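A.B. asks: input.pdb is the file, holding PDB, C-alpha atoms and all ligand atoms:
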```pdb
ATOM      1  CA  MET A   1      26.049 -11.683  -6.476
ATOM      2  CA  ASP A   2      25.086 -13.461  -3.247
ATOM      3  CA  HIS A   3      22.815 -10.872  -1.679
ATOM      4  CA  LEU A   4      20.676  -7.884  -2.511
ATOM      5  CA  THR A   5      19.122  -5.148  -0.348
ATOM      6  CA  VAL A   6      16.105  -3.222  -1.614
ATOM      7  CA  LEU A   7      13.665  -0.667  -0.246
ATOM      8  CA  SER A   8      10.026  -1.691  -0.152
ATOM      9  CA  PRO A   9       7.842   1.434   0.093
ATOM     10  CA  ALA A  10       4.227   1.864   1.203
ATOM     11  CA  LYS A  11       1.358   3.369  -0.806
ATOM     12  CA  LEU A  12      -1.571   5.648  -0.185
ATOM     13  CA  ASN A  13      -4.805   5.738  -2.158
ATOM     14  CA  LEU A  14      -5.686   9.351  -2.979
ATOM     15  CA  VAL A  15      -8.978   8.100  -4.435
ATOM     16  CA  LEU A  16     -10.569   4.683  -4.116
ATOM     17  CA  ASP A  17     -13.777   4.173  -6.117
ATOM     18  CA  VAL A  18     -15.619   0.863  -5.831
ATOM     19  CA  LEU A  19     -17.460   0.360  -9.124
ATOM     20  CA  GLY A  20     -19.231  -2.920  -8.391
ATOM     21  CA  LYS A  21     -18.950  -6.553  -7.347
ATOM     22  CA  ARG A  22     -17.451  -9.028  -9.823
ATOM     23  CA  PRO A  23     -18.464 -12.613 -10.501
ATOM     24  CA  ASP A  24     -15.153 -13.796  -8.920
ATOM     25  CA  GLY A  25     -16.171 -12.199  -5.586
ATOM     26  CA  PHE A  26     -13.677  -9.328  -5.829
ATOM     27  CA  HIS A  27     -14.709  -5.716  -6.368
ATOM     28  CA  GLU A  28     -14.061  -3.669  -9.469
ATOM     29  CA  LEU A  29     -12.057  -0.596  -8.447
ATOM     30  CA  GLN A  30     -10.531   2.539  -9.808
ATOM     31  CA  THR A  31      -7.906   4.083  -7.614
ATOM     32  CA  ILE A  32      -4.978   6.492  -7.672
ATOM     33  CA  PHE A  33      -1.940   5.058  -5.921
ATOM     34  CA  GLU A  34       0.796   7.267  -4.499
ATOM     35  CA  ARG A  35       4.145   5.697  -3.583
ATOM     36  CA  ILE A  36       5.431   7.161  -0.309
ATOM     37  CA  SER A  37       8.701   7.439   1.575
ATOM     38  CA  LEU A  38       7.705   5.168   4.489
ATOM     39  CA  ALA A  39       9.494   1.934   3.563
ATOM     40  CA  ASP A  40      10.627  -1.484   4.775
ATOM     41  CA  GLN A  41      14.070  -2.785   3.926
ATOM     42  CA  ILE A  42      14.452  -6.257   2.443
ATOM     43  CA  THR A  43      17.685  -8.213   2.131
ATOM     44  CA  LEU A  44      17.731 -11.383   0.029
ATOM     45  CA  THR A  45      20.685 -13.683   0.674
ATOM     46  CA  ARG A  46      21.461 -16.834  -1.316
ATOM     47  CA  LYS A  47      22.125 -19.867   0.891
ATOM     48  CA  SER A  48      23.599 -23.239   0.107
ATOM     49  CA  SER A  49      21.012 -25.041   2.268
ATOM     50  CA  GLY A  50      17.812 -25.781   0.315
ATOM     51  CA  LYS A  51      15.400 -23.870   2.544
ATOM     52  CA  ILE A  52      13.631 -20.557   1.959
ATOM     53  CA  ARG A  53      13.470 -18.786   5.315
ATOM     54  CA  ILE A  54      11.997 -15.505   6.367
ATOM     55  CA  HIS A  55      13.380 -13.400   9.220
ATOM     56  CA  CYS A  56      11.560 -10.473  10.792
ATOM     57  CA  VAL A  57      11.442  -9.398  14.422
ATOM     58  CA  HIS A  58       8.108  -7.542  14.094
ATOM     59  CA  PRO A  59       5.495  -9.564  16.048
ATOM     60  CA  ASP A  60       2.719  -9.044  13.460
ATOM     61  CA  VAL A  61       4.662 -10.368  10.465
ATOM     62  CA  PRO A  62       3.915 -14.041   9.715
ATOM     63  CA  LEU A  63       6.992 -16.201   9.043
ATOM     64  CA  ASN A  64       5.138 -18.796   6.970
ATOM     65  CA  THR A  65       3.074 -19.070   3.763
ATOM     66  CA  ARG A  66       0.723 -16.348   5.022
ATOM     67  CA  ASN A  67       3.589 -13.969   4.275
ATOM     68  CA  LEU A  68       3.276 -12.706   0.683
ATOM     69  CA  ALA A  69       7.047 -12.196   0.354
ATOM     70  CA  PHE A  70       7.629 -15.835   1.318
ATOM     71  CA  LYS A  71       4.887 -16.937  -1.116
ATOM     72  CA  ALA A  72       6.500 -14.905  -3.912
ATOM     73  CA  ALA A  73       9.863 -16.633  -3.366
ATOM     74  CA  MET A  74       8.227 -20.087  -3.192
ATOM     75  CA  MET A  75       6.397 -19.481  -6.492
ATOM     76  CA  LEU A  76       9.562 -18.473  -8.346
ATOM     77  CA  ALA A  77      11.635 -21.299  -6.821
ATOM     78  CA  ARG A  78       8.993 -23.853  -7.856
ATOM     79  CA  ASP A  79       8.393 -22.499 -11.377
ATOM     80  CA  PHE A  80      12.115 -22.137 -12.169
ATOM     81  CA  SER A  81      13.269 -25.290 -10.339
ATOM     82  CA  ILE A  82      15.594 -23.360  -8.055
ATOM     83  CA  SER A  83      16.758 -25.694  -5.320
ATOM     84  CA  GLU A  84      19.255 -23.473  -3.473
ATOM     85  CA  GLY A  85      18.231 -21.787  -0.224
ATOM     86  CA  LEU A  86      17.306 -18.191   0.465
ATOM     87  CA  ASP A  87      17.095 -15.938   3.509
ATOM     88  CA  ILE A  88      14.571 -13.101   3.299
ATOM     89  CA  ASN A  89      15.299 -10.502   5.944
ATOM     90  CA  ILE A  90      12.625  -7.871   6.497
ATOM     91  CA  ILE A  91      13.167  -4.696   8.525
ATOM     92  CA  LYS A  92       9.536  -3.722   9.049
ATOM     93  CA  ASN A  93       8.728  -0.021   9.329
ATOM     94  CA  ILE A  94       5.326  -0.053   7.583
ATOM     95  CA  PRO A  95       2.455  -0.890   9.982
ATOM     96  CA  VAL A  96       0.849  -4.278   9.259
ATOM     97  CA  ALA A  97      -2.767  -4.614   8.018
ATOM     98  CA  ALA A  98      -3.090  -0.845   7.969
ATOM     99  CA  GLY A  99      -4.194   0.071   4.413
ATOM    100  CA  LEU A 100      -0.618   0.823   3.328
ATOM    101  CA  ALA A 101       0.061  -2.421   1.382
ATOM    102  CA  GLY A 102       3.316  -3.172   3.216
ATOM    103  CA  GLY A 103       3.021  -6.946   2.700
ATOM    104  CA  SER A 104       2.164  -6.472  -0.984
ATOM    105  CA  SER A 105       5.131  -4.169  -1.437
ATOM    106  CA  ASN A 106       7.421  -6.755   0.206
ATOM    107  CA  ALA A 107       6.142  -9.383  -2.252
ATOM    108  CA  ALA A 108       6.855  -7.109  -5.231
ATOM    109  CA  ALA A 109      10.368  -6.398  -3.885
ATOM    110  CA  VAL A 110      11.025 -10.140  -3.601
ATOM    111  CA  LEU A 111       9.714 -10.814  -7.136
ATOM    112  CA  SER A 112      11.905  -8.182  -8.770
ATOM    113  CA  GLY A 113      14.844  -8.816  -6.408
ATOM    114  CA  LEU A 114      14.909 -12.568  -7.071
ATOM    115  CA  ASN A 115      14.506 -11.972 -10.794
ATOM    116  CA  ARG A 116      17.941 -10.288 -10.541
ATOM    117  CA  LEU A 117      19.556 -12.436  -7.840
ATOM    118  CA  TRP A 118      18.550 -15.761  -9.421
ATOM    119  CA  GLN A 119      18.984 -14.334 -12.940
ATOM    120  CA  ILE A 120      15.599 -15.642 -14.044
ATOM    121  CA  GLY A 121      15.162 -13.088 -16.811
ATOM    122  CA  LEU A 122      11.416 -12.443 -16.399
ATOM    123  CA  LYS A 123      10.060  -9.486 -18.387
ATOM    124  CA  GLN A 124       7.963  -6.785 -16.682
ATOM    125  CA  ALA A 125       4.689  -8.275 -18.004
ATOM    126  CA  GLN A 126       5.587 -11.687 -16.542
ATOM    127  CA  LEU A 127       6.468 -10.161 -13.161
ATOM    128  CA  VAL A 128       3.130  -8.312 -13.197
ATOM    129  CA  ASN A 129       1.406 -11.625 -13.832
ATOM    130  CA  TYR A 130       3.039 -13.175 -10.739
ATOM    131  CA  ALA A 131       2.136 -10.061  -8.758
ATOM    132  CA  ALA A 132      -1.557 -10.342  -9.663
ATOM    133  CA  ARG A 133      -1.594 -13.961  -8.474
ATOM    134  CA  LEU A 134      -0.232 -12.880  -5.083
ATOM    135  CA  GLY A 135      -2.665 -10.013  -4.370
ATOM    136  CA  SER A 136      -4.489  -7.018  -5.808
ATOM    137  CA  ASP A 137      -1.995  -4.388  -4.557
ATOM    138  CA  VAL A 138       1.275  -6.108  -5.506
ATOM    139  CA  ALA A 139       1.558  -5.041  -9.169
ATOM    140  CA  PHE A 140       1.694  -1.292  -8.444
ATOM    141  CA  PHE A 141       5.069  -1.694  -6.701
ATOM    142  CA  LEU A 142       6.665  -3.227  -9.801
ATOM    143  CA  TYR A 143       6.371   0.082 -11.632
ATOM    144  CA  ASN A 144       8.967   2.770 -11.105
ATOM    145  CA  THR A 145       6.380   5.524 -10.748
ATOM    146  CA  SER A 146       5.233   7.908  -8.029
ATOM    147  CA  TYR A 147       1.578   7.746  -9.033
ATOM    148  CA  ALA A 148      -0.512   5.254 -10.978
ATOM    149  CA  LEU A 149      -4.103   4.577 -11.916
ATOM    150  CA  GLY A 150      -5.196   1.139 -10.717
ATOM    151  CA  THR A 151      -8.222  -0.601 -12.240
ATOM    152  CA  GLY A 152      -9.705  -4.124 -12.248
ATOM    153  CA  ARG A 153      -9.108  -5.545  -8.743
ATOM    154  CA  GLY A 154      -6.446  -2.841  -8.435
ATOM    155  CA  GLU A 155      -3.860  -4.955 -10.253
ATOM    156  CA  LEU A 156      -4.123  -3.311 -13.703
ATOM    157  CA  ILE A 157      -1.644  -0.449 -13.511
ATOM    158  CA  LYS A 158      -1.224   2.622 -15.664
ATOM    159  CA  PRO A 159       1.678   4.821 -14.474
ATOM    160  CA  LEU A 160       0.773   8.520 -14.372
ATOM    161  CA  ASP A 161       3.142  11.183 -15.641
ATOM    162  CA  VAL A 162       2.717  13.526 -12.672
ATOM    163  CA  LYS A 163       5.604  15.492 -11.170
ATOM    164  CA  THR A 164       3.802  16.842  -8.086
ATOM    165  CA  LYS A 165       5.478  16.034  -4.756
ATOM    166  CA  LEU A 166       3.071  15.868  -1.841
ATOM    167  CA  TRP A 167       3.680  15.971   1.921
ATOM    168  CA  HIS A 168       1.505  14.092   4.368
ATOM    169  CA  VAL A 169       1.063  13.359   8.021
ATOM    170  CA  LEU A 170       0.100   9.701   8.217
ATOM    171  CA  VAL A 171      -1.694   8.434  11.311
ATOM    172  CA  THR A 172      -2.087   4.709  11.940
ATOM    173  CA  PRO A 173      -4.066   3.515  14.973
ATOM    174  CA  ARG A 174      -2.545   0.464  16.637
ATOM    175  CA  VAL A 175      -5.390  -1.722  15.387
ATOM    176  CA  LYS A 176      -5.149  -4.151  12.490
ATOM    177  CA  ILE A 177      -8.016  -4.116   9.985
ATOM    178  CA  TYR A 178      -8.213  -6.904   7.416
ATOM    179  CA  THR A 179      -9.167  -5.919   3.860
ATOM    180  CA  LYS A 180     -11.483  -8.895   3.411
ATOM    181  CA  LYS A 181     -13.562  -7.846   6.433
ATOM    182  CA  VAL A 182     -13.922  -4.277   5.168
ATOM    183  CA  PHE A 183     -15.038  -5.342   1.684
ATOM    184  CA  ALA A 184     -17.500  -7.799   3.282
ATOM    185  CA  ARG A 185     -19.177  -4.911   5.132
ATOM    186  CA  LEU A 186     -19.374  -2.687   2.093
ATOM    187  CA  LYS A 187     -22.890  -1.638   1.052
ATOM    188  CA  LEU A 188     -22.677  -0.814  -2.618
ATOM    189  CA  ASN A 189     -24.562   2.291  -3.576
ATOM    190  CA  LEU A 190     -24.010   2.684  -7.256
ATOM    191  CA  THR A 191     -26.548   5.408  -7.947
ATOM    192  CA  ASN A 192     -25.215   8.938  -8.435
ATOM    193  CA  LYS A 193     -21.685   7.489  -8.450
ATOM    194  CA  LYS A 194     -19.106  10.181  -9.126
ATOM    195  CA  ASP A 195     -15.967   9.601 -11.161
ATOM    196  CA  ASN A 196     -13.691  10.643  -8.295
ATOM    197  CA  VAL A 197     -10.491   9.663 -10.132
ATOM    198  CA  ASN A 198     -11.136  12.105 -12.948
ATOM    199  CA  ILE A 199     -12.243  14.786 -10.506
ATOM    200  CA  LEU A 200      -8.951  14.536  -8.580
ATOM    201  CA  LEU A 201      -6.487  14.001 -11.443
ATOM    202  CA  PRO A 202      -6.390  17.572 -12.836
ATOM    203  CA  PHE A 203      -5.731  18.970  -9.334
ATOM    204  CA  LEU A 204      -2.938  16.431  -8.795
ATOM    205  CA  LYS A 205      -1.332  17.256 -12.146
ATOM    206  CA  LYS A 206      -1.424  20.997 -11.426
ATOM    207  CA  GLY A 207      -0.243  20.563  -7.846
ATOM    208  CA  ASP A 208      -3.398  22.404  -6.715
ATOM    209  CA  LEU A 209      -3.391  21.346  -3.054
ATOM    210  CA  ALA A 210      -6.716  22.874  -2.057
ATOM    211  CA  GLY A 211      -8.465  21.272  -5.043
ATOM    212  CA  LEU A 212      -6.744  17.957  -4.401
ATOM    213  CA  ALA A 213      -7.630  17.978  -0.720
ATOM    214  CA  GLY A 214     -11.301  18.542  -1.561
ATOM    215  CA  ALA A 215     -11.260  15.671  -4.045
ATOM    216  CA  LEU A 216      -9.728  12.983  -1.785
ATOM    217  CA  SER A 217     -12.229  10.141  -1.375
ATOM    218  CA  ASN A 218     -12.473   6.525  -0.354
ATOM    219  CA  ASP A 219     -15.617   4.437  -0.931
ATOM    220  CA  LEU A 220     -14.485   2.010   1.795
ATOM    221  CA  GLU A 221     -14.832   4.680   4.498
ATOM    222  CA  PRO A 222     -18.410   3.740   5.595
ATOM    223  CA  ALA A 223     -17.348   0.078   5.890
ATOM    224  CA  ILE A 224     -14.224   1.020   7.908
ATOM    225  CA  LEU A 225     -16.314   3.238  10.183
ATOM    226  CA  SER A 226     -18.906   0.486  10.633
ATOM    227  CA  LEU A 227     -16.092  -1.581  12.201
ATOM    228  CA  ARG A 228     -14.593   1.315  14.191
ATOM    229  CA  PRO A 229     -16.935   4.349  14.414
ATOM    230  CA  ASP A 230     -14.407   6.143  16.664
ATOM    231  CA  PHE A 231     -11.943   6.519  13.784
ATOM    232  CA  ILE A 232     -13.969   9.441  12.434
ATOM    233  CA  TYR A 233     -12.334  11.467  15.247
ATOM    234  CA  LEU A 234      -8.918  10.884  13.695
ATOM    235  CA  LYS A 235     -10.024  12.741  10.592
ATOM    236  CA  ASP A 236     -11.577  15.528  12.650
ATOM    237  CA  LYS A 237      -8.466  15.861  14.815
ATOM    238  CA  LEU A 238      -6.203  16.169  11.779
ATOM    239  CA  LEU A 239      -8.468  18.824  10.265
ATOM    240  CA  ASP A 240      -8.593  20.694  13.598
ATOM    241  CA  ALA A 241      -4.789  20.564  13.738
ATOM    242  CA  GLY A 242      -4.594  22.326  10.355
ATOM    243  CA  ALA A 243      -4.639  19.597   7.668
ATOM    244  CA  ILE A 244      -5.797  20.786   4.245
ATOM    245  CA  GLY A 245      -7.576  17.500   3.539
ATOM    246  CA  VAL A 246      -7.776  14.030   5.100
ATOM    247  CA  CYS A 247      -8.682  10.553   3.876
ATOM    248  CA  PHE A 248      -8.442   6.868   4.828
ATOM    249  CA  SER A 249      -5.909   4.859   2.811
ATOM    250  CA  GLY A 250      -7.081   1.545   1.328
ATOM    251  CA  SER A 251      -9.144  -0.459   3.802
ATOM    252  CA  GLY A 252      -7.792   1.563   6.741
ATOM    253  CA  PRO A 253      -7.269   2.208   9.545
ATOM    254  CA  SER A 254      -4.467   4.553   8.359
ATOM    255  CA  VAL A 255      -5.603   8.118   7.785
ATOM    256  CA  PHE A 256      -3.450  10.593   5.917
ATOM    257  CA  ALA A 257      -3.515  14.370   5.858
ATOM    258  CA  CYS A 258      -2.407  16.546   2.962
ATOM    259  CA  VAL A 259      -0.235  19.422   4.163
ATOM    260  CA  GLN A 260       1.648  22.251   2.451
ATOM    261  CA  SER A 261       5.226  21.320   3.257
ATOM    262  CA  GLN A 262       7.528  19.306   5.478
ATOM    263  CA  GLN A 263       7.486  22.193   7.952
ATOM    264  CA  HIS A 264       3.670  22.191   7.983
ATOM    265  CA  ALA A 265       3.774  18.422   8.557
ATOM    266  CA  GLN A 266       6.114  18.877  11.530
ATOM    267  CA  SER A 267       3.943  21.530  13.151
ATOM    268  CA  LEU A 268       0.826  19.406  12.645
ATOM    269  CA  ARG A 269       2.500  16.338  14.107
ATOM    270  CA  ALA A 270       3.610  18.306  17.150
ATOM    271  CA  LYS A 271      -0.045  19.117  17.914
ATOM    272  CA  PHE A 272      -1.185  15.564  17.476
ATOM    273  CA  ASP A 273      -1.821  13.190  20.341
ATOM    274  CA  ARG A 274       0.368  10.163  19.761
ATOM    275  CA  SER A 275      -0.844   8.070  22.676
ATOM    276  CA  TYR A 276      -2.741   5.436  20.709
ATOM    277  CA  THR A 277      -1.416   5.960  17.226
ATOM    278  CA  GLN A 278       1.705   5.859  15.116
ATOM    279  CA  VAL A 279       2.347   9.167  13.380
ATOM    280  CA  PHE A 280       4.660   9.519  10.366
ATOM    281  CA  ILE A 281       5.713  12.389   8.142
ATOM    282  CA  VAL A 282       5.879  11.070   4.578
ATOM    283  CA  THR A 283       6.355  12.415   1.086
ATOM    284  CA  THR A 284       5.859  11.167  -2.471
ATOM    285  CA  LEU A 285       8.606   8.794  -3.555
TER     286      LEU A 285
HETATM  287  O1  LIG B 301      -6.163  -9.137  -3.307
HETATM  288  P1  LIG B 301      -6.032  -9.147  -1.838
HETATM  289  O2  LIG B 301      -5.539 -10.482  -1.321
HETATM  290  O3  LIG B 301      -5.243  -8.025  -1.288
HETATM  291  O4  LIG B 301      -7.498  -8.993  -1.271
HETATM  292  C1  LIG B 301      -7.877  -9.287   0.056
HETATM  293  C2  LIG B 301      -9.385  -9.424   0.107
HETATM  294  O5  LIG B 301      -9.993  -8.146  -0.121
HETATM  295  C3  LIG B 301      -9.971 -10.321  -0.977
HETATM  296  O6  LIG B 301     -10.014 -11.663  -0.536
HETATM  297  C4  LIG B 301     -11.348  -9.749  -1.176
HETATM  298  O7  LIG B 301     -12.225 -10.236  -0.186
HETATM  299  C5  LIG B 301     -11.164  -8.256  -0.939
HETATM  300  N1  LIG B 301     -10.979  -7.486  -2.188
HETATM  301  C6  LIG B 301     -12.076  -7.230  -2.992
HETATM  302  N2  LIG B 301     -11.907  -6.518  -4.150
HETATM  303  C7  LIG B 301     -10.691  -6.040  -4.506
HETATM  304  C8  LIG B 301      -9.568  -6.277  -3.668
HETATM  305  C9  LIG B 301      -9.749  -7.005  -2.522
HETATM  306  O8  LIG B 301     -13.193  -7.641  -2.681
HETATM  307  N3  LIG B 301     -10.576  -5.347  -5.628
END
```
Reformat the file's structure so that it appears as structure tokens.
Ligand code: C5P

C.D. replies:
Amino acid sequence: MDHLTVLSPAKLNLVLDVLGKRPDGFHELQTIFERISLADQITLTRKSSGKIRIHCVHPDVPLNTRNLAFKAAMMLARDFSISEGLDINIIKNIPVAAGLAGGSSNAAAVLSGLNRLWQIGLKQAQLVNYAARLGSDVAFFLYNTSYALGTGRGELIKPLDVKTKLWHVLVTPRVKIYTKKVFARLKLNLTNKKDNVNILLPFLKKGDLAGLAGALSNDLEPAILSLRPDFIYLKDKLLDAGAIGVCFSGSGPSVFACVQSQQHAQSLRAKFDRSYTQVFIVTTL
């Protein structure tokens, strides 16, 4: 095998609870991840020259060690003394720095792709270990699951046995927001903290859309809005256009709406002003 092409999907957070600050500077989270149909495509090609190179025409994707996919390949090449070259080709469809974990997903795709291409033979637990070293959101994408509970920094993953298929309209303003900045602005209010994960889970399992929509929540929202107060209008506009529920994903600025069906998603999108945003119709993958 000299090359491999894999899909690298995005995620949404249906719930994101921040439980506290940890001694290592990260925040303790509990979150429900949903894997969605918006995806990048990654092709890994073995090369005889000894260089690892990354190719992507999207202007916001770094082509150096700031790219998590590149970092993932470098780590494996170093640890397993692989001296041959590699081209990593990324067709980028997932907006960058948008709360959708596109870069993290690319890193996970490279880890599991190279494990096959280079025949390294790493077990799932070892891949998860590499993922956690690369970033908090990487591990989720190593599990073949539509939904998972994430705890710790977000890197401890428990796949959820949920069959529900959701439809969303996903709106991403053309503004990059960096996770670090959002967490830095977070004011922790740990009194009267609700267990939003366990409030939402029964609705998700039953496919109760109205219940689910009412239980969507993201503790990072005040910090996102402190950076961009105008983004509250995105939520309002989606609700006005007929969304059942709306929520920010991750550290934003992406906002997603829960809708009844693909048809409902199409009619909502048609009403939505696309002048300063990217609007996608996505479903659970
Ligand atoms: O893990 P990742 O590199 O994606 O995190 C980016 C930044 O977001 C971290 O450097 C940290 O400042 C913040 N973060 C956090 N708590 C988490 C995840 C991320 O404070 N659980």

A.B. asks: Taking 4 positions as the minimum chain separation for residues in the same chain, which residues sit within 12 Å of Gln119 in chain A when counting all atoms listed in the file? Answer as a PyMOL selection string.

C.D. replies: chain A and resi 1-2+76-77+80+82+111-115+123

A.B. asks: Evaluate the PyMOL selection byres (((not hetatm)) within 6 of (chain B and resi 301)) and record the selected residues as a ChimeraX atom specification, following the chain and residue labels used in the document.

C.D. replies: /A:26-29,135-137,153-154,179-180,183

A.B. asks: Exactly which residues make up the result of the PyMOL selection byres (((chain A and resi 216) around 12) and not hetatm) on this file, given as number ranges by chain?

C.D. replies: A: 12-17, 31-33, 195-201, 203-204, 209-215, 217-219, 221, 244-249, 255-258

A.B. asks: Go ahead and save the picked residues with C-alpha atoms, as a PDB file, in the coordinates of the input.

C.D. replies:
```pdb
ATOM      1  CA  LEU A  12      -1.571   5.648  -0.185  1.00  0.00           C
ATOM      2  CA  ASN A  13      -4.805   5.738  -2.158  1.00  0.00           C
ATOM      3  CA  LEU A  14      -5.686   9.351  -2.979  1.00  0.00           C
ATOM      4  CA  VAL A  15      -8.978   8.100  -4.435  1.00  0.00           C
ATOM      5  CA  LEU A  16     -10.569   4.683  -4.116  1.00  0.00           C
ATOM      6  CA  ASP A  17     -13.777   4.173  -6.117  1.00  0.00           C
ATOM      7  CA  THR A  31      -7.906   4.083  -7.614  1.00  0.00           C
ATOM      8  CA  ILE A  32      -4.978   6.492  -7.672  1.00  0.00           C
ATOM      9  CA  PHE A  33      -1.940   5.058  -5.921  1.00  0.00           C
ATOM     10  CA  ASP A 195     -15.967   9.601 -11.161  1.00  0.00           C
ATOM     11  CA  ASN A 196     -13.691  10.643  -8.295  1.00  0.00           C
ATOM     12  CA  VAL A 197     -10.491   9.663 -10.132  1.00  0.00           C
ATOM     13  CA  ASN A 198     -11.136  12.105 -12.948  1.00  0.00           C
ATOM     14  CA  ILE A 199     -12.243  14.786 -10.506  1.00  0.00           C
ATOM     15  CA  LEU A 200      -8.951  14.536  -8.580  1.00  0.00           C
ATOM     16  CA  LEU A 201      -6.487  14.001 -11.443  1.00  0.00           C
ATOM     17  CA  PHE A 203      -5.731  18.970  -9.334  1.00  0.00           C
ATOM     18  CA  LEU A 204      -2.938  16.431  -8.795  1.00  0.00           C
ATOM     19  CA  LEU A 209      -3.391  21.346  -3.054  1.00  0.00           C
ATOM     20  CA  ALA A 210      -6.716  22.874  -2.057  1.00  0.00           C
ATOM     21  CA  GLY A 211      -8.465  21.272  -5.043  1.00  0.00           C
ATOM     22  CA  LEU A 212      -6.744  17.957  -4.401  1.00  0.00           C
ATOM     23  CA  ALA A 213      -7.630  17.978  -0.720  1.00  0.00           C
ATOM     24  CA  GLY A 214     -11.301  18.542  -1.561  1.00  0.00           C
ATOM     25  CA  ALA A 215     -11.260  15.671  -4.045  1.00  0.00           C
ATOM     26  CA  SER A 217     -12.229  10.141  -1.375  1.00  0.00           C
ATOM     27  CA  ASN A 218     -12.473   6.525  -0.354  1.00  0.00           C
ATOM     28  CA  ASP A 219     -15.617   4.437  -0.931  1.00  0.00           C
ATOM     29  CA  GLU A 221     -14.832   4.680   4.498  1.00  0.00           C
ATOM     30  CA  ILE A 244      -5.797  20.786   4.245  1.00  0.00           C
ATOM     31  CA  GLY A 245      -7.576  17.500   3.539  1.00  0.00           C
ATOM     32  CA  VAL A 246      -7.776  14.030   5.100  1.00  0.00           C
ATOM     33  CA  CYS A 247      -8.682  10.553   3.876  1.00  0.00           C
ATOM     34  CA  PHE A 248      -8.442   6.868   4.828  1.00  0.00           C
ATOM     35  CA  SER A 249      -5.909   4.859   2.811  1.00  0.00           C
ATOM     36  CA  VAL A 255      -5.603   8.118   7.785  1.00  0.00           C
ATOM     37  CA  PHE A 256      -3.450  10.593   5.917  1.00  0.00           C
ATOM     38  CA  ALA A 257      -3.515  14.370   5.858  1.00  0.00           C
ATOM     39  CA  CYS A 258      -2.407  16.546   2.962  1.00  0.00           C
TER      40      CYS A 258
END
```

A.B. asks: Rank A:Met75, A:Leu160, A:Asn64, A:Thr5 by their smallest atom-to-atom distance to Pro202 in chain A, using all atoms listed in the file, and report the top residue only.

C.D. replies: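 Result for the nearest residue to Pro202 in chain A: A:Leu160.
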
A.B. asks: Using all atoms listed in the file for the distances, tell me which of A:Ala243, A:Leu186, A:Leu234, A:Ala72 is nearest to Gly20 in chain A.

C.D. replies: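 Among the listed residues, A:Leu186 lies closest to Gly20 in chain A.
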
A.B. asks: I'd like to see the residues matched by the PyMOL selection byres (((chain A and resi 282) around 7) and not hetatm) on this file, and ideally I'd get them as a list in words.

C.D. replies: Ile36, Ser37, Leu38, Trp167, His168, Val169, Leu170, Phe280, Ile281 and Thr283 of chain A

A.B. asks: Dump C-alpha atoms for the selected residues as a PDB file, in the frame of the given file?

C.D. replies:
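The resulting file, out-v2.pdb, is shown below:
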```pdb
ATOM      1  CA  ILE A  36       5.431   7.161  -0.309  1.00  0.00           C
ATOM      2  CA  SER A  37       8.701   7.439   1.575  1.00  0.00           C
ATOM      3  CA  LEU A  38       7.705   5.168   4.489  1.00  0.00           C
ATOM      4  CA  TRP A 167       3.680  15.971   1.921  1.00  0.00           C
ATOM      5  CA  HIS A 168       1.505  14.092   4.368  1.00  0.00           C
ATOM      6  CA  VAL A 169       1.063  13.359   8.021  1.00  0.00           C
ATOM      7  CA  LEU A 170       0.100   9.701   8.217  1.00  0.00           C
ATOM      8  CA  PHE A 280       4.660   9.519  10.366  1.00  0.00           C
ATOM      9  CA  ILE A 281       5.713  12.389   8.142  1.00  0.00           C
ATOM     10  CA  THR A 283       6.355  12.415   1.086  1.00  0.00           C
TER      11      THR A 283
END
```

A.B. asks: Point out the residue among A:Leu100, A:Val110, A:Val182, A:Ile91 with the least atom-to-atom distance to Met74 in chain A, counting all atoms listed in the file.

C.D. replies: A:Val110

A.B. asks: Please, what distance in Å, to one decimal, runs between CA of Trp118 in chain A and CA of Asn67 in chain A?

C.D. replies: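 So the two atoms, CA of Trp118 in chain A and CA of Asn67 in chain A, lie 20.4 Å apart.
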
A.B. asks: Output as AutoDock Vina command-line options the centre and edge lengths (Å, one decimal) of the box along x, y and z of the file that holds every listed atom of range 161-168 of chain A after adding 5 Å on each side.

C.D. replies:
```
--center_x 3.6 --center_y 14.0 --center_z -5.6 --size_x 14.1 --size_y 15.7 --size_z 30.0
```

A.B. asks: Could you please determine the separation between CA of Val171 in chain A and CA of Leu225 in chain A in Å, to one decimal place?

C.D. replies: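 Interatomic distance, CA of Val171 in chain A to CA of Leu225 in chain A: 15.6 Å.
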
A.B. asks: Quick one, how far is CA of Arg78 in chain A from CA of Leu127 in chain A?

C.D. replies: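 For CA of Arg78 in chain A relative to CA of Leu127 in chain A, the distance reads 14.9 Å.
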
A.B. asks: Using all atoms listed in the file, which protein or nucleic acid residues come within 8 Å of Ala109 in chain A? Drop anything in the same chain fewer than 3 positions from it, and give the result as a list in words.

C.D. replies: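 That gives Val6, Leu7, Ser8, Ile42, Ala69, Ser105, Asn106, Ser112, Gly113, Phe141 and Leu142 of chain A.
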
A.B. asks: Could you dump the residues just selected with C-alpha atoms as a PDB file, keeping the file's coordinate frame?

C.D. replies:
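So again.pdb came out as:
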```pdb
ATOM      1  CA  VAL A   6      16.105  -3.222  -1.614  1.00  0.00           C
ATOM      2  CA  LEU A   7      13.665  -0.667  -0.246  1.00  0.00           C
ATOM      3  CA  SER A   8      10.026  -1.691  -0.152  1.00  0.00           C
ATOM      4  CA  ILE A  42      14.452  -6.257   2.443  1.00  0.00           C
ATOM      5  CA  ALA A  69       7.047 -12.196   0.354  1.00  0.00           C
ATOM      6  CA  SER A 105       5.131  -4.169  -1.437  1.00  0.00           C
ATOM      7  CA  ASN A 106       7.421  -6.755   0.206  1.00  0.00           C
ATOM      8  CA  SER A 112      11.905  -8.182  -8.770  1.00  0.00           C
ATOM      9  CA  GLY A 113      14.844  -8.816  -6.408  1.00  0.00           C
ATOM     10  CA  PHE A 141       5.069  -1.694  -6.701  1.00  0.00           C
ATOM     11  CA  LEU A 142       6.665  -3.227  -9.801  1.00  0.00           C
TER      12      LEU A 142
END
```
